[in-house]
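J.: One structure is given below, represented as structure tokens, and several questions about it will come after.
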Amino acid sequence: MGTAIESVIDGKAEAIRLALIVLLAEGHLLIEDVPGVGKTMLAKALARSIDCSVRRVQFTPDLLPSDITGVSAYNQERRDFEFKPGPVFANIVVGDEINRASPKTQSALLESMEERHVTVDGTTYQLERPFMVIATQNPVEMEGTYPLPEAQRDRFTARISIGYPTATAEMEMLDTHGSSSPLDQLKPVATGPDVRELILAVRGVLVSAQVKQYIIALAAATRTAPELRLGASPRSALHLLRASRARAALDGRDYVIPDDIQALAGPVLAHRLLPTAEALVERQLPEQVVARLVAELPLPHP
């Protein structure tokens, strides 16, 4: 699957690998970067590489919550209301520029991302698995954006940045994308049931008590770090555990090692942390704080 996506996104193997980790960890992915570096292309490529239902939502300031979840409409023939499902009823939901919508509309995704169901007019509708939200957002300082609330960011398993391509990758992009879109040639390499089986296999990856203690210690360290006014939530520790299982499985291991935790700590934890005003002035980013804590925290003993 990673090879198929790399045929569309050149030179970004690490970002693609992290996207696959989030998929197998039953999580959701937030892709944040400046416009034009391939955020939506990565989301579409991942969605197209799986033969399952995919819906894309372009978030705009006038988008309503019902435009995402669906609405009950009156059926003249049946003389009753019937539910018209929204785009959230898909295996993979691509939310483009999620931070251009109002906080009210952003919050329409909260229930579906956490509980895997949607409640409309008092009726709860279950979502089919696998279910993954891949959201892209522009940096907060860009014009016309609303910062995602903490509760929304905490629902995303990991946040990644694409970054600018190397000169070689950019030249290759001009050669291949200049005449046609590689997305047109991308064929599904897995089905929904295949992904469900892989997710079940990932759930069986062993995590020792020492590694679990290491995750807890890392989360606790963020809550007492002087540079942060909001540390990692218990949910983030659970997401880190699930993601580390998926990383171990992709490496061909049936057990998690501390290296998995250290590699994923930044993408999984940093976007949930809030720096203090002093840290902002000194330009100490949450990513740097997480890297420092990982370097300082003693490794678990076998």
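A note on labels: chains of the structure tokens are A, B, ... as shown, every chain counts residues from 1, and ligands are counted from 1 in their shown order.
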Show which residues sit within 10 Å of A:Pro35, as a ChimeraX atom specification. Count only C-alpha atoms, and ignore same-chain residues fewer than 4 positions away.
T.: /A:39-40,97,136-139,142
J.: Okay, now the selection with C-alpha atoms, as a PDB file, in the first residue's frame?
T.:
ATOM      1  CA  LYS A  39      -1.710  17.458   1.731  1.00  0.00           C
ATOM      2  CA  THR A  40      -4.886  16.605  -0.168  1.00  0.00           C
ATOM      3  CA  GLU A  97      -9.013  22.496   5.013  1.00  0.00           C
ATOM      4  CA  THR A 136      -5.920  18.659   6.120  1.00  0.00           C
ATOM      5  CA  GLN A 137      -5.453  22.110   7.561  1.00  0.00           C
ATOM      6  CA  ASN A 138      -3.466  25.224   6.776  1.00  0.00           C
ATOM      7  CA  PRO A 139      -1.302  26.789   9.504  1.00  0.00           C
ATOM      8  CA  MET A 142      -3.024  31.717   7.271  1.00  0.00           C
TER       9      MET A 142
END
J.: Find the residues near A:Leu148: any atom within 12 Å, counting only C-alpha atoms, skip ones fewer than 6 places away on the same chain, and give them as a PyMOL selection string.
T.: chain A and resi 30+32+97-107+109-110+135-140+154-156+271-272
J.: Taking N, CA and C atoms for each residue, export the selection above as an mmCIF file, in the first residue's frame.
T.:
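What follows is the written file again-v1.cif:
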data_model
loop_
_atom_site.group_PDB
_atom_site.id
_atom_site.type_symbol
_atom_site.label_atom_id
_atom_site.label_comp_id
_atom_site.auth_asym_id
_atom_site.auth_seq_id
_atom_site.Cartn_x
_atom_site.Cartn_y
_atom_site.Cartn_z
ATOM 1 N N LEU A 30 -4.259 14.049 10.982
ATOM 2 C CA LEU A 30 -4.311 15.480 10.699
ATOM 3 C C LEU A 30 -3.050 15.849 9.933
ATOM 4 N N GLU A 32 -1.022 18.884 8.442
ATOM 5 C CA GLU A 32 -0.944 20.344 8.539
ATOM 6 C C GLU A 32 0.293 20.850 7.809
ATOM 7 N N GLU A 97 -9.090 21.181 4.356
ATOM 8 C CA GLU A 97 -9.013 22.496 5.013
ATOM 9 C C GLU A 97 -10.033 22.596 6.152
ATOM 10 N N ILE A 98 -9.922 21.648 7.082
ATOM 11 C CA ILE A 98 -10.900 21.540 8.170
ATOM 12 C C ILE A 98 -10.978 22.809 9.011
ATOM 13 N N ASN A 99 -9.889 23.548 9.094
ATOM 14 C CA ASN A 99 -9.911 24.744 9.944
ATOM 15 C C ASN A 99 -10.426 25.984 9.223
ATOM 16 N N ARG A 100 -11.035 25.811 8.060
ATOM 17 C CA ARG A 100 -11.724 26.944 7.430
ATOM 18 C C ARG A 100 -13.210 26.982 7.813
ATOM 19 N N ALA A 101 -13.708 25.915 8.429
ATOM 20 C CA ALA A 101 -15.102 25.882 8.877
ATOM 21 C C ALA A 101 -15.194 26.441 10.288
ATOM 22 N N SER A 102 -16.412 26.812 10.683
ATOM 23 C CA SER A 102 -16.627 27.347 12.025
ATOM 24 C C SER A 102 -16.460 26.243 13.068
ATOM 25 N N PRO A 103 -16.150 26.599 14.314
ATOM 26 C CA PRO A 103 -16.016 25.575 15.362
ATOM 27 C C PRO A 103 -17.257 24.696 15.504
ATOM 28 N N LYS A 104 -18.447 25.258 15.270
ATOM 29 C CA LYS A 104 -19.677 24.468 15.373
ATOM 30 C C LYS A 104 -19.677 23.331 14.355
ATOM 31 N N THR A 105 -19.236 23.618 13.140
ATOM 32 C CA THR A 105 -19.194 22.592 12.103
ATOM 33 C C THR A 105 -18.065 21.605 12.355
ATOM 34 N N GLN A 106 -16.923 22.100 12.816
ATOM 35 C CA GLN A 106 -15.808 21.210 13.150
ATOM 36 C C GLN A 106 -16.241 20.165 14.181
ATOM 37 N N SER A 107 -17.053 20.619 15.146
ATOM 38 C CA SER A 107 -17.458 19.723 16.237
ATOM 39 C C SER A 107 -18.407 18.620 15.769
ATOM 40 N N LEU A 109 -17.788 16.438 13.776
ATOM 41 C CA LEU A 109 -17.000 15.216 13.598
ATOM 42 C C LEU A 109 -16.627 14.554 14.916
ATOM 43 N N LEU A 110 -16.802 15.255 16.035
ATOM 44 C CA LEU A 110 -16.297 14.753 17.310
ATOM 45 C C LEU A 110 -16.881 13.391 17.678
ATOM 46 N N ALA A 135 -7.859 14.608 7.772
ATOM 47 C CA ALA A 135 -8.159 16.029 7.657
ATOM 48 C C ALA A 135 -6.898 16.796 7.294
ATOM 49 N N THR A 136 -7.039 17.765 6.418
ATOM 50 C CA THR A 136 -5.920 18.659 6.120
ATOM 51 C C THR A 136 -6.261 20.035 6.688
ATOM 52 N N GLN A 137 -5.225 20.743 7.110
ATOM 53 C CA GLN A 137 -5.453 22.110 7.561
ATOM 54 C C GLN A 137 -4.249 22.969 7.229
ATOM 55 N N ASN A 138 -4.524 24.255 6.997
ATOM 56 C CA ASN A 138 -3.466 25.224 6.776
ATOM 57 C C ASN A 138 -3.002 25.750 8.128
ATOM 58 N N PRO A 139 -1.758 26.216 8.234
ATOM 59 C CA PRO A 139 -1.302 26.789 9.504
ATOM 60 C C PRO A 139 -2.234 27.893 9.981
ATOM 61 N N VAL A 140 -2.369 28.026 11.312
ATOM 62 C CA VAL A 140 -3.361 28.931 11.900
ATOM 63 C C VAL A 140 -3.154 30.379 11.469
ATOM 64 N N ASP A 154 -7.390 16.539 20.023
ATOM 65 C CA ASP A 154 -7.125 15.344 20.827
ATOM 66 C C ASP A 154 -7.726 14.094 20.199
ATOM 67 N N ARG A 155 -8.684 14.263 19.288
ATOM 68 C CA ARG A 155 -9.292 13.115 18.605
ATOM 69 C C ARG A 155 -8.387 12.573 17.500
ATOM 70 N N PHE A 156 -7.465 13.390 17.018
ATOM 71 C CA PHE A 156 -6.576 12.946 15.949
ATOM 72 C C PHE A 156 -5.409 12.175 16.539
ATOM 73 N N HIS A 271 0.742 17.778 18.867
ATOM 74 C CA HIS A 271 -0.380 18.637 18.469
ATOM 75 C C HIS A 271 -1.422 18.798 19.573
ATOM 76 N N ARG A 272 -1.326 18.002 20.638
ATOM 77 C CA ARG A 272 -2.279 18.099 21.750
ATOM 78 C C ARG A 272 -1.790 19.031 22.850
#
J.: Mind pulling up the distance from atom CA of A:Ile16 to atom CA of A:Gln213?
T.: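 Answer for the atom CA of A:Gln213 to atom CA of A:Ile16 separation: 28.7 Å.
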J.: For a quick check of understanding, using only C-alpha atoms, which of A:Ala19, A:Leu293, A:Val268, A:Leu63 has the smallest distance to A:Ala217?
T.: A:Leu293
J.: What are the DSSP strand (DSSP E) residues of stretch 13-132 of chain A, as a PyMOL selection string?
T.: chain A and resi 29-32+50-51+54-58+70-75+80-85+92-96+117-120+123-126+132
J.: Go ahead and save the picked residues with C-alpha atoms, as an mmCIF file, in the first residue's frame.
T.:
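Result file is selection-v1.cif:
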data_model
loop_
_atom_site.group_PDB
_atom_site.id
_atom_site.type_symbol
_atom_site.label_atom_id
_atom_site.label_comp_id
_atom_site.auth_asym_id
_atom_site.auth_seq_id
_atom_site.Cartn_x
_atom_site.Cartn_y
_atom_site.Cartn_z
ATOM 1 C CA LEU A 29 -4.834 11.708 10.739
ATOM 2 C CA LEU A 30 -4.311 15.480 10.699
ATOM 3 C CA ILE A 31 -2.083 16.774 7.894
ATOM 4 C CA GLU A 32 -0.944 20.344 8.539
ATOM 5 C CA ILE A 50 -8.132 0.909 -0.498
ATOM 6 C CA ASP A 51 -11.197 -0.467 -2.276
ATOM 7 C CA VAL A 54 -14.532 7.334 0.281
ATOM 8 C CA ARG A 55 -16.132 10.755 0.645
ATOM 9 C CA ARG A 56 -14.462 14.148 0.469
ATOM 10 C CA VAL A 57 -15.713 17.271 2.239
ATOM 11 C CA GLN A 58 -14.406 20.732 1.393
ATOM 12 C CA GLY A 70 -26.742 14.128 7.251
ATOM 13 C CA VAL A 71 -30.306 15.349 7.728
ATOM 14 C CA SER A 72 -33.830 14.000 8.206
ATOM 15 C CA ALA A 73 -35.998 15.025 5.265
ATOM 16 C CA TYR A 74 -39.764 14.616 4.844
ATOM 17 C CA ASN A 75 -40.730 11.959 2.307
ATOM 18 C CA ASP A 80 -42.692 10.320 7.168
ATOM 19 C CA PHE A 81 -39.179 11.632 7.766
ATOM 20 C CA GLU A 82 -36.290 9.635 6.343
ATOM 21 C CA PHE A 83 -32.609 10.039 7.073
ATOM 22 C CA LYS A 84 -30.322 11.208 4.277
ATOM 23 C CA PRO A 85 -26.776 10.158 5.311
ATOM 24 C CA ILE A 92 -12.502 7.041 4.711
ATOM 25 C CA VAL A 93 -13.594 10.658 5.065
ATOM 26 C CA VAL A 94 -11.254 13.265 3.612
ATOM 27 C CA GLY A 95 -11.863 16.640 5.287
ATOM 28 C CA ASP A 96 -10.090 19.287 3.219
ATOM 29 C CA HIS A 117 -21.461 6.508 15.351
ATOM 30 C CA VAL A 118 -23.596 9.566 14.574
ATOM 31 C CA THR A 119 -26.700 10.803 16.381
ATOM 32 C CA VAL A 120 -29.226 12.817 14.355
ATOM 33 C CA THR A 123 -31.457 8.384 16.494
ATOM 34 C CA THR A 124 -27.987 6.826 16.573
ATOM 35 C CA TYR A 125 -26.498 5.410 13.369
ATOM 36 C CA GLN A 126 -23.432 3.150 13.493
ATOM 37 C CA MET A 132 -10.846 6.968 9.313
#
J.: Here is a test: counting only C-alpha atoms, which residue of A:Arg283, A:Arg203, A:Arg292, A:Lys44 is nearest to A:Ala221?
T.: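 The answer is A:Arg292, which sits nearest to A:Ala221.
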J.: Please produce, as CSV, a per-residue contact table for stretch 202-234 of chain A versus stretch 240-259 of chain A (criterion: any atom at most 10 Å away, only C-alpha atoms considered), showing the nearest atom pair and its distance in Å to one decimal, sorted by chain then residue number.
T.:
residue,atom,partner,partner_atom,distance
A:Val202,CA,A:Ala246,CA,5.6
A:Arg203,CA,A:Arg245,CA,7.1
A:Gly204,CA,A:Asp254,CA,7.6
A:Val205,CA,A:Asp254,CA,4.7
A:Leu206,CA,A:Tyr255,CA,4.4
A:Val207,CA,A:Val256,CA,5.4
A:Ser208,CA,A:Val256,CA,7.6
A:Gln210,CA,A:Pro258,CA,9.3
A:Val211,CA,A:Pro258,CA,6.5
A:Lys212,CA,A:Leu241,CA,7.6
A:Tyr214,CA,A:Pro258,CA,7.8
A:Ile215,CA,A:Leu241,CA,7.4
A:Ile216,CA,A:Leu241,CA,9.8
A:Ala219,CA,A:Leu240,CA,9.6
A:Pro234,CA,A:Leu240,CA,9.9
J.: Using all heavy atoms, can you write the selected residues to a file as an mmCIF file, in the first residue's frame?
T.:
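Printed below is part.cif as written:
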data_model
loop_
_atom_site.group_PDB
_atom_site.id
_atom_site.type_symbol
_atom_site.label_atom_id
_atom_site.label_comp_id
_atom_site.auth_asym_id
_atom_site.auth_seq_id
_atom_site.Cartn_x
_atom_site.Cartn_y
_atom_site.Cartn_z
ATOM 1 N N VAL A 202 -3.053 -6.244 14.297
ATOM 2 C CA VAL A 202 -2.303 -5.217 15.042
ATOM 3 C C VAL A 202 -2.730 -5.200 16.508
ATOM 4 O O VAL A 202 -1.889 -5.010 17.404
ATOM 5 C CB VAL A 202 -2.508 -3.834 14.388
ATOM 6 C CG1 VAL A 202 -2.066 -2.706 15.323
ATOM 7 C CG2 VAL A 202 -1.746 -3.750 13.074
ATOM 8 N N ARG A 203 -4.012 -5.433 16.761
ATOM 9 C CA ARG A 203 -4.487 -5.452 18.150
ATOM 10 C C ARG A 203 -3.799 -6.533 18.979
ATOM 11 O O ARG A 203 -3.697 -6.423 20.198
ATOM 12 C CB ARG A 203 -6.000 -5.693 18.185
ATOM 13 C CG ARG A 203 -6.846 -4.514 17.755
ATOM 14 C CD ARG A 203 -8.307 -4.895 17.857
ATOM 15 N NE ARG A 203 -9.185 -3.881 17.298
ATOM 16 C CZ ARG A 203 -10.498 -4.032 17.136
ATOM 17 N NH1 ARG A 203 -11.069 -5.182 17.506
ATOM 18 N NH2 ARG A 203 -11.241 -3.074 16.634
ATOM 19 N N GLY A 204 -3.326 -7.585 18.311
ATOM 20 C CA GLY A 204 -2.692 -8.689 19.022
ATOM 21 C C GLY A 204 -1.206 -8.501 19.284
ATOM 22 O O GLY A 204 -0.574 -9.375 19.884
ATOM 23 N N VAL A 205 -0.623 -7.374 18.840
ATOM 24 C CA VAL A 205 0.805 -7.130 19.074
ATOM 25 C C VAL A 205 1.036 -6.923 20.571
ATOM 26 O O VAL A 205 0.329 -6.172 21.238
ATOM 27 C CB VAL A 205 1.281 -5.899 18.272
ATOM 28 C CG1 VAL A 205 2.707 -5.518 18.657
ATOM 29 C CG2 VAL A 205 1.187 -6.184 16.773
ATOM 30 N N LEU A 206 2.051 -7.581 21.099
ATOM 31 C CA LEU A 206 2.324 -7.578 22.546
ATOM 32 C C LEU A 206 2.953 -6.266 22.997
ATOM 33 O O LEU A 206 3.887 -5.763 22.364
ATOM 34 C CB LEU A 206 3.260 -8.741 22.895
ATOM 35 C CG LEU A 206 3.707 -8.848 24.356
ATOM 36 C CD1 LEU A 206 2.537 -9.205 25.248
ATOM 37 C CD2 LEU A 206 4.817 -9.876 24.497
ATOM 38 N N VAL A 207 2.428 -5.723 24.090
ATOM 39 C CA VAL A 207 3.023 -4.543 24.738
ATOM 40 C C VAL A 207 3.291 -4.927 26.185
ATOM 41 O O VAL A 207 2.360 -5.207 26.944
ATOM 42 C CB VAL A 207 2.094 -3.313 24.679
ATOM 43 C CG1 VAL A 207 2.818 -2.085 25.252
ATOM 44 C CG2 VAL A 207 1.646 -3.031 23.260
ATOM 45 N N SER A 208 4.563 -4.957 26.576
ATOM 46 C CA SER A 208 4.924 -5.381 27.928
ATOM 47 C C SER A 208 4.514 -4.335 28.955
ATOM 48 O O SER A 208 4.281 -3.161 28.619
ATOM 49 C CB SER A 208 6.429 -5.621 28.017
ATOM 50 O OG SER A 208 7.125 -4.404 27.869
ATOM 51 N N GLN A 210 6.411 -3.005 31.132
ATOM 52 C CA GLN A 210 7.457 -1.977 31.216
ATOM 53 C C GLN A 210 7.268 -0.895 30.148
ATOM 54 O O GLN A 210 7.459 0.288 30.416
ATOM 55 C CB GLN A 210 8.851 -2.614 31.064
ATOM 56 C CG GLN A 210 9.259 -3.516 32.214
ATOM 57 C CD GLN A 210 8.839 -4.962 31.983
ATOM 58 O OE1 GLN A 210 7.887 -5.223 31.221
ATOM 59 N NE2 GLN A 210 9.535 -5.899 32.625
ATOM 60 N N VAL A 211 6.878 -1.325 28.947
ATOM 61 C CA VAL A 211 6.653 -0.357 27.864
ATOM 62 C C VAL A 211 5.415 0.489 28.161
ATOM 63 O O VAL A 211 5.397 1.695 27.901
ATOM 64 C CB VAL A 211 6.522 -1.078 26.510
ATOM 65 C CG1 VAL A 211 6.063 -0.112 25.418
ATOM 66 C CG2 VAL A 211 7.842 -1.724 26.111
ATOM 67 N N LYS A 212 4.375 -0.128 28.724
ATOM 68 C CA LYS A 212 3.191 0.641 29.113
ATOM 69 C C LYS A 212 3.540 1.685 30.171
ATOM 70 O O LYS A 212 3.065 2.824 30.119
ATOM 71 C CB LYS A 212 2.095 -0.297 29.631
ATOM 72 C CG LYS A 212 1.449 -1.155 28.554
ATOM 73 C CD LYS A 212 0.419 -2.103 29.151
ATOM 74 C CE LYS A 212 -0.182 -3.006 28.083
ATOM 75 N NZ LYS A 212 -1.113 -3.999 28.645
ATOM 76 N N TYR A 214 6.384 3.080 30.486
ATOM 77 C CA TYR A 214 7.165 4.094 29.764
ATOM 78 C C TYR A 214 6.234 5.103 29.088
ATOM 79 O O TYR A 214 6.480 6.315 29.118
ATOM 80 C CB TYR A 214 8.059 3.398 28.741
ATOM 81 C CG TYR A 214 8.987 4.313 27.986
ATOM 82 C CD1 TYR A 214 9.885 5.137 28.646
ATOM 83 C CD2 TYR A 214 8.979 4.344 26.595
ATOM 84 C CE1 TYR A 214 10.751 5.974 27.948
ATOM 85 C CE2 TYR A 214 9.834 5.169 25.883
ATOM 86 C CZ TYR A 214 10.718 5.979 26.568
ATOM 87 O OH TYR A 214 11.564 6.806 25.867
ATOM 88 N N ILE A 215 5.149 4.606 28.487
ATOM 89 C CA ILE A 215 4.164 5.496 27.860
ATOM 90 C C ILE A 215 3.535 6.410 28.906
ATOM 91 O O ILE A 215 3.393 7.631 28.694
ATOM 92 C CB ILE A 215 3.079 4.668 27.138
ATOM 93 C CG1 ILE A 215 3.677 3.928 25.938
ATOM 94 C CG2 ILE A 215 1.919 5.560 26.692
ATOM 95 C CD1 ILE A 215 2.720 2.959 25.268
ATOM 96 N N ILE A 216 3.160 5.836 30.043
ATOM 97 C CA ILE A 216 2.536 6.617 31.117
ATOM 98 C C ILE A 216 3.510 7.665 31.644
ATOM 99 O O ILE A 216 3.132 8.828 31.873
ATOM 100 C CB ILE A 216 2.064 5.679 32.251
ATOM 101 C CG1 ILE A 216 0.917 4.801 31.761
ATOM 102 C CG2 ILE A 216 1.633 6.478 33.478
ATOM 103 C CD1 ILE A 216 0.539 3.686 32.703
ATOM 104 N N ALA A 219 3.751 10.553 29.125
ATOM 105 C CA ALA A 219 2.561 11.411 29.178
ATOM 106 C C ALA A 219 2.580 12.272 30.438
ATOM 107 O O ALA A 219 2.264 13.468 30.410
ATOM 108 C CB ALA A 219 1.295 10.565 29.125
ATOM 109 N N PRO A 234 -5.020 11.362 28.885
ATOM 110 C CA PRO A 234 -5.016 9.888 28.913
ATOM 111 C C PRO A 234 -5.342 9.275 27.550
ATOM 112 O O PRO A 234 -4.825 8.220 27.206
ATOM 113 C CB PRO A 234 -6.096 9.563 29.950
ATOM 114 C CG PRO A 234 -6.143 10.761 30.840
ATOM 115 C CD PRO A 234 -5.869 11.925 29.950
#
J.: Between A:Glu150, A:Ala291, A:Leu200, A:Thr157, which has the minimum distance to A:Gly231 (counting only C-alpha atoms)?
T.: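 Checking each of A:Glu150, A:Ala291, A:Leu200, A:Thr157 against A:Gly231, counting only C-alpha atoms, the winner is A:Glu150.
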J.: So that I can check the surroundings of A:Ala190, please list as a VMD selection string every protein, DNA and RNA residue that reaches within 10 Å of it, counting only C-alpha atoms and ignoring chain neighbours fewer than 2 positions away.
T.: chain A and resid 1 48 to 52 187 to 188 192 to 195
J.: Print the selection's residues with N, CA and C atoms to a file, as a CSV table (one decimal), in the first residue's frame.
T.:
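Okay, this is what ended up in result-v6.csv:
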chain,number,residue,atom,x,y,z
A,1,MET,N,0.8,-1.2,0.0
A,1,MET,CA,0.0,0.0,0.0
A,1,MET,C,0.9,1.3,0.0
A,48,ARG,N,-7.6,6.1,-2.1
A,48,ARG,CA,-7.8,5.4,-3.4
A,48,ARG,C,-7.1,4.0,-3.4
A,49,SER,N,-6.1,3.9,-2.5
A,49,SER,CA,-5.3,2.6,-2.5
A,49,SER,C,-6.1,1.5,-1.8
A,50,ILE,N,-7.3,1.9,-1.2
A,50,ILE,CA,-8.1,0.9,-0.5
A,50,ILE,C,-9.5,0.9,-1.2
A,51,ASP,N,-9.9,-0.3,-1.6
A,51,ASP,CA,-11.2,-0.5,-2.3
A,51,ASP,C,-12.3,-0.4,-1.3
A,52,CYS,N,-12.7,0.8,-0.9
A,52,CYS,CA,-13.8,1.0,0.1
A,52,CYS,C,-14.4,2.3,-0.2
A,187,LYS,N,-4.5,2.2,-8.5
A,187,LYS,CA,-5.5,1.2,-8.4
A,187,LYS,C,-5.5,0.7,-6.9
A,188,PRO,N,-6.7,0.3,-6.4
A,188,PRO,CA,-6.7,-0.2,-5.0
A,188,PRO,C,-5.8,-1.4,-4.9
A,192,GLY,N,-11.6,-3.2,2.0
A,192,GLY,CA,-12.1,-3.0,3.4
A,192,GLY,C,-11.9,-4.1,4.3
A,193,PRO,N,-12.3,-5.4,3.9
A,193,PRO,CA,-12.1,-6.6,4.8
A,193,PRO,C,-10.6,-6.8,5.0
A,194,ASP,N,-9.8,-6.6,4.0
A,194,ASP,CA,-8.3,-6.7,4.2
A,194,ASP,C,-7.8,-5.8,5.3
A,195,VAL,N,-8.3,-4.6,5.3
A,195,VAL,CA,-7.8,-3.6,6.3
A,195,VAL,C,-8.4,-4.0,7.7
J.: Can you list every residue in stretch 128-289 of chain A that DSSP puts in alpha helix (DSSP H), as a PyMOL selection string?
T.: chain A and resi 150-153+167-177+192-203+209-224+234-250+258-269+277-281+286-289
J.: Of the candidates A:Ala201, A:Leu18, A:Ala47, A:Pro130, which one gets nearest to A:Val189 if we count only C-alpha atoms?
T.: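 Closest to A:Val189 of all the choices is A:Ala47.
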J.: May I ask which of the residues A:Ile134, A:Leu20, A:Thr191, A:Leu297 is the closest one to A:Ser53, counting only C-alpha atoms?
T.: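 Closest to A:Ser53 of all the choices is A:Thr191.
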J.: Provide the atom CA of A:Val294 to atom CA of A:Pro149 distance in Å, to one decimal place.
T.: 25.8 Å
J.: Could you check how far atom CA of A:Leu285 sits from atom CA of A:Ala270, in Å to one decimal?
T.: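 Atom CA of A:Ala270 lies 8.5 Å from atom CA of A:Leu285.
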